[in-house]
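Enquirer: What follows is a single structure, and I will ask about it in a moment.
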Amino acid sequence: MKFVSIIIGSKSDYEIACEASKILENFGVAYELIISSAHRSPMRTIAYVADASKRGAEIFICMAGMAAHLAGAVAANTIKPVIGVPMPGSAVDGLDALYSTVQMPAGIPVATLAIGKAGAKNAAYLSVQMLALNNENLAAKLIEERAKQAANLEEDSKKIEVLLGERV
């Protein structure tokens with residue numbers, strides 16, 4: 001069975017990881033979520049990546065803060081796409097995690113997204129887009145989702161336009 005693997009570096013990342021899992025669930029994409037650390041449990045991380053790849057993991061989403069070596073450690077041990085989501089919470093509010101996630105050596109890419117919730121959500125959407133390359137059903141769901149987003153934006157604008165119109 002194909003699935004997306006979400007790996008978080010610590011329990012404190014769980015709430016933000018749930019933002020990604022909700023989106024994957026809405027698209028009917030199977031996923032699993034585990035806690036594993038590139039620093040505190042490096043052997044567990046390496047073993048998990050190998051096992052998950054054998055079991056059908058198509059994409060790895062890695063969420064970690066501070067030194068944030070998790071996405072790089074995963075990318076070094078798989079040829080599957082790895083998406084890194086830097087987590088906030090450090091003294092510099094995730095900027096350190098962003099730098100260590102985005103600055104990968106040539107040949108070991110990590111698709112690095114925004115810090116925190118927006119990054120988690122976009123990691124899920126990007127995963128769905130990757131899977132949709134070979135899945136017309138997912139592609140259709142993405143098109144429908146984009147149409148809903150556009151309709152919601154237009155509805156929000158109409159509400160503001162009415163309020164502004166009353167002030168003029």
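By order in the structure tokens, chains are A, B, ...; within a chain, residues start at 1; ligands start at 1, following the order shown.
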Can you pull out every residue within 8 Å of segment 55-68 of chain A, counting only C-alpha atoms, but drop anything in the same chain fewer than 6 positions away, and send it as a tab-separated table (two decimals) with C-alpha atoms, in the first residue's frame?
Expert:
chain	number	residue	atom	x	y	z
A	1	MET	CA	0.00	0.00	0.00
A	2	LYS	CA	1.34	3.43	-0.94
A	3	PHE	CA	1.44	6.04	1.80
A	4	VAL	CA	3.03	9.27	2.97
A	5	SER	CA	5.29	9.04	5.98
A	6	ILE	CA	5.27	11.91	8.45
A	7	ILE	CA	8.20	11.89	10.85
A	8	ILE	CA	8.35	14.41	13.67
A	9	GLY	CA	11.42	15.04	15.77
A	10	SER	CA	9.61	15.26	19.08
A	13	ASP	CA	5.73	18.84	16.95
A	17	ALA	CA	1.90	17.64	12.24
A	74	VAL	CA	16.09	10.91	5.99
A	80	LYS	CA	12.15	9.01	-2.26
A	81	PRO	CA	11.13	12.67	-2.13
A	82	VAL	CA	11.69	14.31	1.26
A	83	ILE	CA	9.81	17.42	2.32
A	84	GLY	CA	11.21	19.33	5.27
A	85	VAL	CA	9.09	21.50	7.54
A	86	PRO	CA	11.07	23.61	9.99
A	87	MET	CA	9.37	23.93	13.38
A	88	PRO	CA	9.08	27.08	15.47
A	89	GLY	CA	9.86	27.21	19.16
A	90	SER	CA	13.56	27.93	19.37
A	94	GLY	CA	12.42	28.46	13.80
A	96	ASP	CA	17.65	28.00	12.80
A	97	ALA	CA	15.51	25.04	11.72
A	98	LEU	CA	14.81	26.71	8.39
A	100	SER	CA	19.51	23.69	8.61
A	101	THR	CA	16.66	22.17	6.60
A	120	ALA	CA	2.88	21.50	7.42
A	123	ALA	CA	3.81	19.66	2.80
A	127	SER	CA	2.58	15.35	-1.31
Enquirer: Using the chain letters and numbers from this document, which residues of chain A does DSSP assign to helix (DSSP H, G or I), as a ChimeraX atom specification?
Expert: /A:11-26,42-55,70-75,95-102,117-132,136-167
Enquirer: Here is a test: counting only C-alpha atoms, which residue of A:Ala150, A:Leu133, A:Ala71, A:Ile115 is nearest to Ile16 of chain A?
Expert: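 Of all the options, A:Ile115 lies closest to Ile16 of chain A.
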Enquirer: Taking a cut-off of 8 Å and counting only C-alpha atoms, can you build a table that, for each residue of segment 67-152 of chain A near segment 30-52 of chain A, reports the nearest atom pair and how far apart they are in Å (one decimal), sorted by chain then residue number, as a Markdown table?
Expert:
| residue | atom | partner | partner_atom | distance |
| --- | --- | --- | --- | --- |
| A:His69 | CA | A:Ala38 | CA | 6.0 |
| A:Leu70 | CA | A:Ala38 | CA | 4.9 |
| A:Ala73 | CA | A:Ala38 | CA | 6.2 |
| A:Val74 | CA | A:Val49 | CA | 6.7 |
| A:Asn77 | CA | A:Ile46 | CA | 6.7 |
| A:Thr78 | CA | A:Val49 | CA | 7.1 |
Enquirer: Have a look at atom CA of Val29 of chain A and atom CA of Glu144 of chain A and let me know their distance in Å, one decimal.
Expert: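 Result for atom CA of Val29 of chain A versus atom CA of Glu144 of chain A: 15.7 Å, one decimal.
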Enquirer: Between atom CA of Tyr14 of chain A and atom CA of Lys121 of chain A, what is the spacing in Å?
Expert: 13.2 Å
Enquirer: Taking the backbone alone, and naming residues the way the document does, which bits of segment 27-166 of chain A are strand (DSSP E or B) by DSSP, as a VMD selection string?
Expert: chain A and resid 31 to 35 57 to 65 82 to 87 111 to 112
